[in-house]
Structures are given as C-alpha cells and as structure tokens.
$ cat target.cif   # mmCIF, C-alpha atoms and all ligand atoms
data_work
loop_
_atom_site.label_atom_id
_atom_site.label_comp_id
_atom_site.auth_asym_id
_atom_site.auth_seq_id
_atom_site.Cartn_x
_atom_site.Cartn_y
_atom_site.Cartn_z
CA MET A 1 14.07 -25.49 151.28
CA ARG A 2 15.26 -28.69 153.02
CA GLU A 3 15.89 -28.39 156.75
CA LYS A 4 19.53 -27.93 157.65
CA ILE A 5 21.37 -30.87 159.19
CA ALA A 6 23.77 -30.52 162.11
CA VAL A 7 26.02 -33.28 163.44
CA ILE A 8 27.27 -33.02 167.03
CA THR A 9 29.80 -35.32 168.70
CA GLY A 10 29.69 -36.00 172.44
CA ALA A 11 26.04 -34.99 172.82
CA SER A 12 25.38 -37.07 175.95
CA SER A 13 26.22 -34.18 178.30
CA GLY A 14 27.54 -30.65 178.72
CA PHE A 15 28.00 -28.37 175.71
CA GLY A 16 27.09 -31.11 173.19
CA PHE A 17 23.82 -31.90 174.95
CA LEU A 18 22.79 -28.24 175.21
CA THR A 19 23.89 -27.44 171.66
CA ALA A 20 21.77 -30.31 170.31
CA LEU A 21 18.69 -28.78 171.94
CA GLU A 22 19.59 -25.22 170.92
CA LEU A 23 20.14 -26.10 167.26
CA ALA A 24 16.93 -28.14 167.21
CA ARG A 25 15.10 -25.15 168.68
CA ARG A 26 16.44 -23.05 165.79
CA GLY A 27 15.05 -25.45 163.20
CA PHE A 28 18.04 -27.69 162.43
CA HIS A 29 17.67 -31.43 162.24
CA VAL A 30 20.30 -32.58 164.72
CA ILE A 31 22.18 -35.85 164.49
CA ALA A 32 23.24 -36.02 168.11
CA THR A 33 26.01 -38.59 168.42
CA MET A 34 27.27 -40.21 171.60
CA ARG A 35 29.55 -43.13 172.30
CA ASN A 36 27.31 -44.70 174.92
CA LEU A 37 23.70 -45.02 173.78
CA GLU A 38 22.57 -45.85 177.31
CA LYS A 39 22.92 -42.12 177.96
CA ARG A 40 20.49 -41.16 175.17
CA HIS A 41 17.39 -41.03 177.39
CA HIS A 42 18.42 -37.79 179.07
CA LEU A 43 18.56 -35.95 175.73
CA LEU A 44 15.49 -37.71 174.34
CA ASN A 45 13.44 -36.86 177.44
CA GLU A 46 14.53 -33.23 177.37
CA ALA A 47 13.77 -33.02 173.63
CA GLU A 48 10.31 -34.43 174.25
CA THR A 49 9.64 -31.97 177.07
CA CYS A 50 10.64 -29.11 174.76
CA GLY A 51 8.60 -30.46 171.83
CA LEU A 52 11.76 -31.09 169.80
CA SER A 53 11.65 -34.89 169.43
CA LYS A 54 11.23 -34.78 165.66
CA GLN A 55 14.28 -32.51 165.31
CA ILE A 56 16.76 -34.84 167.00
CA THR A 57 18.11 -38.22 165.91
CA ILE A 58 20.55 -40.08 168.13
CA TYR A 59 23.41 -42.04 166.57
CA GLN A 60 26.20 -44.04 168.23
CA LEU A 61 29.67 -42.63 167.60
CA ASP A 62 32.89 -43.11 169.50
CA VAL A 63 35.24 -40.70 167.74
CA ALA A 64 38.26 -42.69 168.93
CA CYS A 65 37.03 -46.00 167.48
CA GLU A 66 37.69 -46.83 163.82
CA ALA A 67 34.78 -49.28 163.49
CA SER A 68 32.36 -46.76 164.95
CA LEU A 69 33.67 -44.03 162.61
CA ALA A 70 33.25 -46.35 159.59
CA GLN A 71 29.62 -47.06 160.52
CA PHE A 72 28.96 -43.38 161.00
CA LYS A 73 30.50 -42.57 157.63
CA ALA A 74 28.17 -45.02 155.89
CA HIS A 75 25.20 -43.49 157.73
CA ILE A 76 26.13 -39.92 156.81
CA ASN A 77 26.81 -40.83 153.20
CA LYS A 78 23.28 -42.23 152.98
CA ILE A 79 21.88 -38.94 154.31
CA GLY A 80 24.10 -37.06 151.85
CA ARG A 81 23.82 -33.65 153.48
CA VAL A 82 25.56 -31.99 156.44
CA ASP A 83 25.37 -28.24 157.03
CA VAL A 84 27.05 -28.04 160.42
CA LEU A 85 29.53 -30.24 162.26
CA VAL A 86 30.20 -29.49 165.92
CA ASN A 87 33.37 -31.35 166.93
CA ASN A 88 32.68 -31.30 170.64
CA ALA A 89 33.61 -34.73 172.06
CA GLY A 90 36.49 -34.40 174.46
CA PHE A 91 37.93 -35.12 177.87
CA ALA A 92 40.93 -33.99 179.91
CA VAL A 93 44.00 -35.88 181.06
CA GLY A 94 45.96 -34.28 183.89
CA GLY A 95 49.06 -34.99 185.95
CA PHE A 96 52.74 -34.20 185.51
CA THR A 97 54.52 -35.21 182.31
CA GLU A 98 57.13 -37.37 184.04
CA GLU A 99 54.37 -39.43 185.62
CA ILE A 100 51.81 -39.73 182.83
CA PRO A 101 51.98 -42.98 180.81
CA ILE A 102 52.62 -42.16 177.16
CA ASP A 103 49.53 -44.17 176.29
CA ASP A 104 47.43 -41.63 178.19
CA TYR A 105 48.79 -38.90 175.91
CA ARG A 106 47.88 -41.08 172.90
CA LYS A 107 44.34 -41.62 174.20
CA GLN A 108 43.97 -37.89 174.77
CA PHE A 109 44.96 -37.16 171.19
CA GLU A 110 42.84 -40.02 169.80
CA THR A 111 39.69 -38.30 171.02
CA ASN A 112 40.45 -34.57 171.18
CA VAL A 113 42.50 -34.34 167.97
CA PHE A 114 42.33 -37.40 165.71
CA GLY A 115 38.64 -37.88 166.59
CA ALA A 116 37.82 -34.35 165.43
CA ILE A 117 39.91 -34.76 162.26
CA SER A 118 38.28 -38.13 161.47
CA VAL A 119 34.74 -36.79 161.75
CA ALA A 120 35.68 -33.75 159.64
CA GLN A 121 37.07 -36.12 156.99
CA ILE A 122 33.68 -37.85 156.89
CA VAL A 123 31.66 -34.68 156.32
CA LEU A 124 34.12 -32.74 154.15
CA PRO A 125 33.38 -34.47 150.80
CA ILE A 126 29.67 -33.79 151.37
CA MET A 127 30.18 -30.14 152.35
CA ARG A 128 32.59 -29.62 149.44
CA LYS A 129 29.99 -30.89 146.95
CA GLN A 130 27.34 -28.69 148.58
CA ARG A 131 29.84 -25.81 148.46
CA SER A 132 28.72 -24.85 151.97
CA GLY A 133 29.09 -25.90 155.58
CA HIS A 134 30.32 -24.97 159.04
CA ILE A 135 32.84 -27.02 161.00
CA ILE A 136 32.86 -25.77 164.58
CA ASN A 137 35.70 -27.19 166.66
CA ILE A 138 35.35 -26.91 170.43
CA SER A 139 38.80 -25.97 171.62
CA SER A 140 39.50 -24.30 174.98
CA ILE A 141 41.38 -21.49 176.65
CA SER A 142 43.87 -24.37 177.07
CA GLY A 143 44.35 -24.26 173.31
CA LEU A 144 45.86 -20.78 173.71
CA ILE A 145 47.31 -20.68 177.21
CA ALA A 146 49.18 -23.53 178.89
CA PHE A 147 48.71 -24.50 182.50
CA PRO A 148 50.91 -26.95 184.46
CA GLY A 149 49.54 -30.35 185.44
CA LEU A 150 47.33 -30.59 182.38
CA SER A 151 49.81 -31.00 179.54
CA PRO A 152 48.03 -33.81 177.59
CA TYR A 153 44.86 -31.69 177.43
CA VAL A 154 46.74 -28.46 176.70
CA ALA A 155 48.79 -30.14 173.96
CA SER A 156 45.66 -31.68 172.39
CA LYS A 157 43.83 -28.35 172.30
CA HIS A 158 46.88 -26.52 170.89
CA ALA A 159 47.01 -29.18 168.16
CA LEU A 160 43.30 -28.70 167.47
CA GLU A 161 43.93 -24.97 167.09
CA GLY A 162 46.75 -25.42 164.57
CA TRP A 163 44.85 -27.99 162.55
CA SER A 164 41.75 -25.78 162.47
CA GLU A 165 43.75 -22.81 161.17
CA SER A 166 45.12 -24.94 158.32
CA LEU A 167 41.78 -26.53 157.54
CA ARG A 168 40.07 -23.15 157.44
CA LEU A 169 42.44 -22.00 154.69
CA GLU A 170 42.08 -25.28 152.80
CA VAL A 171 38.31 -25.31 152.56
CA GLN A 172 37.44 -21.61 152.45
CA PRO A 173 37.47 -21.68 148.60
CA PHE A 174 34.70 -24.32 148.76
CA GLY A 175 32.41 -22.19 150.92
CA ILE A 176 33.16 -24.16 154.11
CA HIS A 177 33.78 -22.18 157.31
CA VAL A 178 36.01 -23.59 160.04
CA VAL A 179 35.58 -22.00 163.46
CA LEU A 180 37.19 -22.44 166.88
CA VAL A 181 35.19 -21.94 170.07
CA GLU A 182 37.50 -21.39 173.05
CA PRO A 183 35.63 -21.62 176.36
CA GLY A 184 37.12 -20.80 179.74
CA SER A 185 35.75 -22.80 182.68
CA TYR A 186 32.11 -23.90 182.51
CA GLU A 187 30.03 -26.15 184.69
CA THR A 188 29.93 -29.48 182.84
CA ASN A 189 31.04 -33.04 183.55
CA ILE A 190 34.55 -32.41 182.25
CA TRP A 191 35.66 -31.39 185.76
CA SER A 192 34.35 -34.63 187.27
CA THR A 193 33.85 -37.72 185.09
CA GLY A 194 35.59 -36.12 182.11
CA LYS A 195 38.91 -35.55 183.89
CA HIS A 196 41.51 -38.28 184.38
CA VAL A 197 44.46 -37.33 186.55
CA SER A 198 47.50 -39.63 186.49
CA GLU A 199 47.40 -41.67 189.70
CA ALA A 200 51.14 -41.27 190.23
CA SER A 201 50.80 -37.49 190.59
CA LEU A 202 48.09 -37.94 193.23
CA HIS A 203 50.25 -40.25 195.34
CA PRO A 204 51.88 -38.64 198.43
CA HIS A 205 55.26 -40.14 197.37
CA SER A 206 55.19 -38.19 194.12
CA PRO A 207 57.75 -35.36 193.87
CA TYR A 208 54.89 -33.36 192.33
CA TYR A 209 52.36 -34.20 195.04
CA GLU A 210 52.31 -30.79 196.73
CA TYR A 211 52.30 -29.00 193.38
CA MET A 212 49.41 -31.21 192.28
CA GLU A 213 47.51 -30.44 195.48
CA ARG A 214 48.00 -26.70 194.94
CA LEU A 215 46.70 -27.09 191.39
CA GLU A 216 43.66 -29.04 192.52
CA ASP A 217 43.00 -26.43 195.24
CA HIS A 218 43.35 -23.67 192.66
CA LEU A 219 40.82 -25.39 190.39
CA ALA A 220 38.45 -26.08 193.29
CA SER A 221 38.65 -22.44 194.44
CA GLY A 222 37.41 -21.39 191.01
CA SER A 223 34.51 -23.84 190.95
CA HIS A 224 32.04 -21.18 192.17
CA ILE A 225 32.80 -18.99 189.16
CA LEU A 226 32.24 -21.69 186.54
CA GLY A 227 30.16 -20.30 183.69
CA ASN A 228 26.75 -21.45 182.55
CA PRO A 229 27.29 -23.89 179.64
CA SER A 230 24.14 -22.62 177.89
CA GLU A 231 26.21 -19.55 176.97
CA ILE A 232 28.48 -21.78 174.85
CA ALA A 233 25.53 -23.60 173.27
CA GLN A 234 23.99 -20.25 172.31
CA LYS A 235 27.26 -19.07 170.76
CA ILE A 236 27.72 -22.31 168.79
CA ALA A 237 24.17 -22.01 167.45
CA TRP A 238 24.77 -18.37 166.55
CA ILE A 239 27.93 -19.34 164.64
CA ALA A 240 26.05 -22.15 162.86
CA GLU A 241 23.55 -19.60 161.55
CA HIS A 242 26.16 -16.98 160.67
CA ASP A 243 27.26 -16.65 157.03
CA ARG A 244 30.79 -15.35 157.57
CA PRO A 245 32.00 -16.43 161.01
CA SER A 246 35.43 -15.46 162.34
CA LEU A 247 38.08 -18.07 163.08
CA ARG A 248 38.01 -17.69 166.87
CA TYR A 249 35.40 -17.08 169.56
CA SER A 250 36.81 -16.97 173.11
CA LEU A 251 34.24 -16.97 175.91
CA GLY A 252 34.17 -17.11 179.68
CA LYS A 253 35.10 -15.16 182.77
CA GLY A 254 38.53 -13.55 182.49
CA VAL A 255 39.34 -15.33 179.23
CA LYS A 256 39.82 -12.33 176.94
CA PHE A 257 41.87 -10.54 179.61
CA ALA A 258 44.14 -13.58 180.10
CA ILE A 259 44.71 -13.92 176.34
CA PHE A 260 45.55 -10.24 176.09
CA MET A 261 47.96 -10.41 179.05
CA LYS A 262 49.73 -13.48 177.67
CA HIS A 263 50.50 -11.65 174.44
CA PHE A 264 51.13 -8.26 176.01
CA LEU A 265 53.39 -9.08 178.98
CA PRO A 266 57.06 -10.04 178.69
CA TRP A 267 57.18 -13.85 178.92
CA GLN A 268 59.05 -14.05 182.26
CA LEU A 269 56.55 -11.71 183.91
CA TRP A 270 53.66 -13.78 182.54
CA GLU A 271 55.23 -16.98 183.93
CA ARG A 272 55.71 -15.38 187.33
CA LEU A 273 52.04 -14.37 187.38
CA VAL A 274 50.94 -17.93 186.56
CA GLN A 275 53.21 -19.44 189.23
CA LYS A 276 52.03 -16.86 191.79
CA GLN A 277 48.45 -17.95 191.32
CA LEU A 278 49.48 -21.48 192.32
CA LYS A 279 51.37 -20.53 195.49
N1 LIG B 1 33.49 -27.33 180.46
C1 LIG B 1 34.55 -26.58 180.28
O1 LIG B 1 34.93 -25.81 181.18
C2 LIG B 1 35.29 -26.63 178.98
C3 LIG B 1 36.22 -25.60 178.74
C4 LIG B 1 36.91 -25.59 177.54
C5 LIG B 1 36.67 -26.57 176.60
N2 LIG B 1 35.77 -27.59 176.86
C6 LIG B 1 35.57 -28.58 175.81
O2 LIG B 1 34.20 -28.75 175.55
C7 LIG B 1 33.96 -30.03 174.98
C8 LIG B 1 32.76 -30.66 175.64
O3 LIG B 1 33.06 -30.92 177.00
P1 LIG B 1 32.06 -30.58 178.19
O4 LIG B 1 32.67 -29.49 178.98
O5 LIG B 1 30.68 -30.43 177.68
O6 LIG B 1 32.24 -31.89 179.09
P2 LIG B 1 31.33 -33.20 179.26
O7 LIG B 1 30.04 -32.86 179.86
O8 LIG B 1 32.23 -34.16 179.98
O9 LIG B 1 31.07 -33.69 177.76
C9 LIG B 1 32.06 -34.35 177.01
C10 LIG B 1 31.37 -35.20 175.98
O10 LIG B 1 32.37 -35.81 175.15
C11 LIG B 1 32.06 -37.19 175.08
N3 LIG B 1 33.22 -38.01 174.71
C12 LIG B 1 34.40 -38.16 175.35
N4 LIG B 1 35.18 -39.01 174.66
C13 LIG B 1 34.48 -39.38 173.55
C14 LIG B 1 34.73 -40.23 172.46
N5 LIG B 1 35.88 -40.91 172.33
N6 LIG B 1 33.78 -40.37 171.50
C15 LIG B 1 32.60 -39.70 171.59
N7 LIG B 1 32.29 -38.91 172.62
C16 LIG B 1 33.22 -38.75 173.59
C17 LIG B 1 31.50 -37.54 176.44
O11 LIG B 1 30.82 -38.78 176.39
P3 LIG B 1 30.54 -39.69 177.69
O12 LIG B 1 29.31 -39.10 178.32
O13 LIG B 1 30.33 -41.05 177.14
O14 LIG B 1 31.75 -39.58 178.56
C18 LIG B 1 30.56 -36.34 176.61
O15 LIG B 1 29.40 -36.51 175.85
C19 LIG B 1 35.26 -30.80 175.15
O16 LIG B 1 35.95 -30.86 173.92
C20 LIG B 1 36.03 -29.98 176.16
O17 LIG B 1 37.43 -30.13 176.01
C21 LIG B 1 35.09 -27.63 178.03
#

$ encode --input "target.cif" --output "structure tokens" --more "lines below"
Ligand SMILES: NC(=O)c1ccc[n+]([C@@H]2O[C@H](COP(=O)([O-])OP(=O)(O)OC[C@H]3O[C@@H](n4cnc5c(N)ncnc54)[C@H](OP(=O)(O)O)[C@@H]3O)[C@@H](O)[C@H]2O)c1
Amino acid sequence: MREKIAVITGASSGFGFLTALELARRGFHVIATMRNLEKRHHLLNEAETCGLSKQITIYQLDVACEASLAQFKAHINKIGRVDVLVNNAGFAVGGFTEEIPIDDYRKQFETNVFGAISVAQIVLPIMRKQRSGHIINISSISGLIAFPGLSPYVASKHALEGWSESLRLEVQPFGIHVVLVEPGSYETNIWSTGKHVSEASLHPHSPYYEYMERLEDHLASGSHILGNPSEIAQKIAWIAEHDRPSLRYSLGKGVKFAIFMKHFLPWQLWERLVQKQLK
C-alpha cells in the first residue's frame, strides 16, 4: 500500500509544527506548508533529529495569497493523492469593534476562513476521486463561545464552524470526513507574534482602554495554565487515523465545562459570569 499523504498549513510553529512531526512519526508522508520558507529549518532540524527527514516535505503556501494557492494547487495535482488535510494556519486579531479597521476583519477572514476553504477546494477533487480523506479544521473554543475584545477572531472561528458543518454533510457521501478541533488556550506563538491588537484600543485615550487592560490582564493571568500543544497534535493525528471521526473535538482546561455552561445557563446569567471574570 502507498504511504498516506497529509497536508498541513501553517507548519512553521505551534500545532502545525508538532502535528507535522506526529503524523510523520505515524508513517504519513507530510507536506508541511508554511508561508515563510526561512522558517523551515526549525522543522527540518527537528525532523532530522527524530529520524523523520524522509517523511516530511516542505512547501511554500500562504493561504491568503491567490498566486501561492495556485502554485500549491498545481503541485498537489501532480502528486494526485491527499489523505489528510489539516487546515491549521491562523492568527488572531483583537481590539474593540468600533476601533478595528474593517480591513483587519477582512485580513482575519482571508486567512482563518477563506484560506481554509481555498485549500479544501484544492484537495477536494482528489479526495472525492479517491472516495476517502480527512479534512481537519483547527477551530477554537472561540468558534463556540464569544469573548469581548477579540471579535474578528471569534467571528472567523464561528464562520469556520458553520462552513465545516455544511461541508461535512456535502462530502460524507464521498467517504470524506470533515472534523473540527476546538482547542482552549495552549502555549504557542498565537499569544505573542500571532496576535494583532488594534492600536487604537491600546491607546490611553480610547474609551475602551481600561476594558482592554482588564482583558489583557485576564489573559495574562491565565498564561500559567496554558496547555501543552503536543496534546492537540496527538489528537489531530488520532483523528487522521480514525475511520469514523465525530464532527467536533473540544480540548483544553475548562473547555468542556464552559461549553456546557453556555448552553445550560440562562443567557443573562451566562453574560454576567463572563463580565464578572473581567472585573
Ligand atoms: N494556541 C492556542 O491557544 C489556540 C487555541 C485555539 C485555536 N488555535 C488555532 O490553532 C491554529 C494554529 O495556531 P497556533 O496556536 O499553533 O499558533 P502559531 O504558533 O502562531 O501558528 C500559526 C501558524 O499559522 C501560520 N499562518 C498565519 N497566517 C498564515 C497564512 N496566511 N498562510 C499560511 N500560514 C499562516 C503561521 O505562520 P508564520 O510563522 O509565518 O506566522 C504559523 O505557522 C490557528 O488556527 C489558531 O487559531 C490556537
């Protein structure tokens, strides 16, 4: 049997990086894509240390760039097989709606939503002909529960959730499984280089300045309980090997409890609880 092929977006760091290694360890050939090839050495060095060099190929892909997507499509069509797609590339835009340039919302959606859809569109004809495949979309607890000061990110992940539900129903008859992974807070670069807060909301003259500070303090106070991102990589790899995966996998400290409470509590009580946390 031919070795299975997995494509991962955003493999230069965090979940994507660890998932590339984990899938390679489990015998997949991994096409680890990243938008900036200067960052490839970290993954290549780690793969070499683990004896996995032959299992990993690096390819340049910026999921928000049409030219890059077109090149990637040609490359994948030449390979002609994809068993697993991990739509992982993403970043977070924060700030308060009034103060976030609309273009920042567009950029957020270009990567987190349209990027994921575009890469799926590239692999779908191949998976459909194979009559098999897994598309694993990395969503977030923010795809299920909203938080203030992060609306571009929250909106993008809610959109990813809705699209994934539709896609799952569309391609199930062709043997393709669409899955959502919904992590809580994990220790990756998304909280540093991957987060872009609107400058206006950070300015002391902003009417939201104090609110923003409380939010930042709240996030900082939780930094010591950030989860180990290997847990997510393990789960993604488990899903990739699983014949009949569920639609959703929520992981992380307090995540399942928060989802339960959001659905269980009367809405006004839920809102009061969220606001109380930020006092
Ligand atoms: N860590 C968490 O707590 C957490 C929680 C819930 C969900 N998530 C989700 O997990 C996914 C991975 O994030 P992470 O936590 O592993 O953070 P990360 O370490 O910052 O990794 C994000 C990856 O996405 C890449 N990326 C961003 N924009 C891209 C684009 N236009 N084209 C291609 N690649 C792009 C980044 O590339 P560069 O290195 O070039 O920037 C990086 O490789 C994201 O979708 C994120 O929303 C993370």

$ closest_residue --input "target.cif" --among "A:Ile135, A:Leu37, A:Glu99, A:Val123" --to "Ser246 (chain A)" --atoms "all atoms listed in the file"
A:Ile135

$ closest_residue --input "target.cif" --among "A:Ala155, A:Val82, A:Ala240, A:Leu269" --to "ligand LIG 1 (chain B)" --atoms "only C-alpha atoms and all ligand atoms"
A:Ala155

$ residues_near_ligand --input "target.cif" --ligand "ligand LIG 1 (chain B)" --cutoff "8 Å" --atoms "only C-alpha atoms and all ligand atoms" --output "number ranges by chain"
A: 9-17, 33-36, 39, 61-65, 87-92, 110-112, 115, 138-142, 153, 157, 182-195, 226-227, 229

$ atom_distance --input "target.cif" --atom1 "CA of Leu23 (chain A)" --atom2 "CA of Ala237 (chain A)"
5.7 Å

$ atom_distance --input "target.cif" --atom1 "CA of Tyr211 (chain A)" --atom2 "CA of Ser223 (chain A)"
18.7 Å

$ atom_distance --input "target.cif" --atom1 "CA of Leu278 (chain A)" --atom2 "CA of Leu265 (chain A)"
18.6 Å

$ closest_residue --input "target.cif" --among "A:Ser118, A:Ser151, A:Gln277, A:Gln60" --to "Val197 (chain A)" --atoms "all atoms listed in the file"
A:Ser151

$ residues_around --input "target.cif" --residues "Val179 (chain A)" --least-positions-apart "6" --cutoff "12 Å" --atoms "all atoms listed in the file" --output "number ranges by chain"
A: 84-87, 133-139, 160-169, 171-172, 235-236, 238-240, 242-250

$ closest_residue --input "target.cif" --among "A:Trp270, A:Phe28, A:Phe257, A:Phe96" --to "Glu210 (chain A)" --atoms "all atoms listed in the file"
A:Phe96

$ residues_around --input "target.cif" --residues "Met212 (chain A)" --least-positions-apart "5" --cutoff "7 Å" --atoms "all atoms listed in the file" --output "list in words"
Gly149, Ser201 and Leu202 of chain A

$ closest_residue --input "target.cif" --among "A:Ala116, A:Ala159, A:Ala258, A:Val7" --to "His29 (chain A)" --atoms "only C-alpha atoms"
A:Val7

$ closest_residue --input "target.cif" --among "A:Ile122, A:Lys54, A:His205, A:Phe114" --to "His75 (chain A)" --atoms "only C-alpha atoms"
A:Ile122

$ residues_around --input "target.cif" --residues "Ser230 (chain A)" --least-positions-apart "4" --cutoff "8 Å" --atoms "all atoms listed in the file" --output "list in words"
Phe15, Leu18, Thr19 and Gln234 of chain A

$ residues_near_point --input "target.cif" --point "(48.5, -42.6, 181.5)" --cutoff "12 Å" --atoms "only C-alpha atoms" --output "number ranges by chain"
A: 92-108, 151-152, 196-201

$ write_last_selection --input "target.cif" --atoms "C-alpha atoms" --output "PDB file, keeping the file's coordinate frame"
ATOM      1  CA  ALA A  92      40.930 -33.990 179.910  1.00  0.00           C
ATOM      2  CA  VAL A  93      44.000 -35.880 181.060  1.00  0.00           C
ATOM      3  CA  GLY A  94      45.960 -34.280 183.890  1.00  0.00           C
ATOM      4  CA  GLY A  95      49.060 -34.990 185.950  1.00  0.00           C
ATOM      5  CA  PHE A  96      52.740 -34.200 185.510  1.00  0.00           C
ATOM      6  CA  THR A  97      54.520 -35.210 182.310  1.00  0.00           C
ATOM      7  CA  GLU A  98      57.130 -37.370 184.040  1.00  0.00           C
ATOM      8  CA  GLU A  99      54.370 -39.430 185.620  1.00  0.00           C
ATOM      9  CA  ILE A 100      51.810 -39.730 182.830  1.00  0.00           C
ATOM     10  CA  PRO A 101      51.980 -42.980 180.810  1.00  0.00           C
ATOM     11  CA  ILE A 102      52.620 -42.160 177.160  1.00  0.00           C
ATOM     12  CA  ASP A 103      49.530 -44.170 176.290  1.00  0.00           C
ATOM     13  CA  ASP A 104      47.430 -41.630 178.190  1.00  0.00           C
ATOM     14  CA  TYR A 105      48.790 -38.900 175.910  1.00  0.00           C
ATOM     15  CA  ARG A 106      47.880 -41.080 172.900  1.00  0.00           C
ATOM     16  CA  LYS A 107      44.340 -41.620 174.200  1.00  0.00           C
ATOM     17  CA  GLN A 108      43.970 -37.890 174.770  1.00  0.00           C
ATOM     18  CA  SER A 151      49.810 -31.000 179.540  1.00  0.00           C
ATOM     19  CA  PRO A 152      48.030 -33.810 177.590  1.00  0.00           C
ATOM     20  CA  HIS A 196      41.510 -38.280 184.380  1.00  0.00           C
ATOM     21  CA  VAL A 197      44.460 -37.330 186.550  1.00  0.00           C
ATOM     22  CA  SER A 198      47.500 -39.630 186.490  1.00  0.00           C
ATOM     23  CA  GLU A 199      47.400 -41.670 189.700  1.00  0.00           C
ATOM     24  CA  ALA A 200      51.140 -41.270 190.230  1.00  0.00           C
ATOM     25  CA  SER A 201      50.800 -37.490 190.590  1.00  0.00           C
TER      26      SER A 201
END

$ residues_around --input "target.cif" --residues "region 128-132 of chain A" --least-positions-apart "2" --cutoff "6 Å" --atoms "all atoms listed in the file" --output "PyMOL selection string"
chain A and resi 124-126+174-176

$ axis_aligned_box --input "target.cif" --around "region 168-173 of chain A" --padding-each-side "6 Å" --output "lines of an AutoDock Vina configuration file"
center_x = 39.9
center_y = -23.5
center_z = 153.0
size_x = 17.0
size_y = 15.7
size_z = 20.8
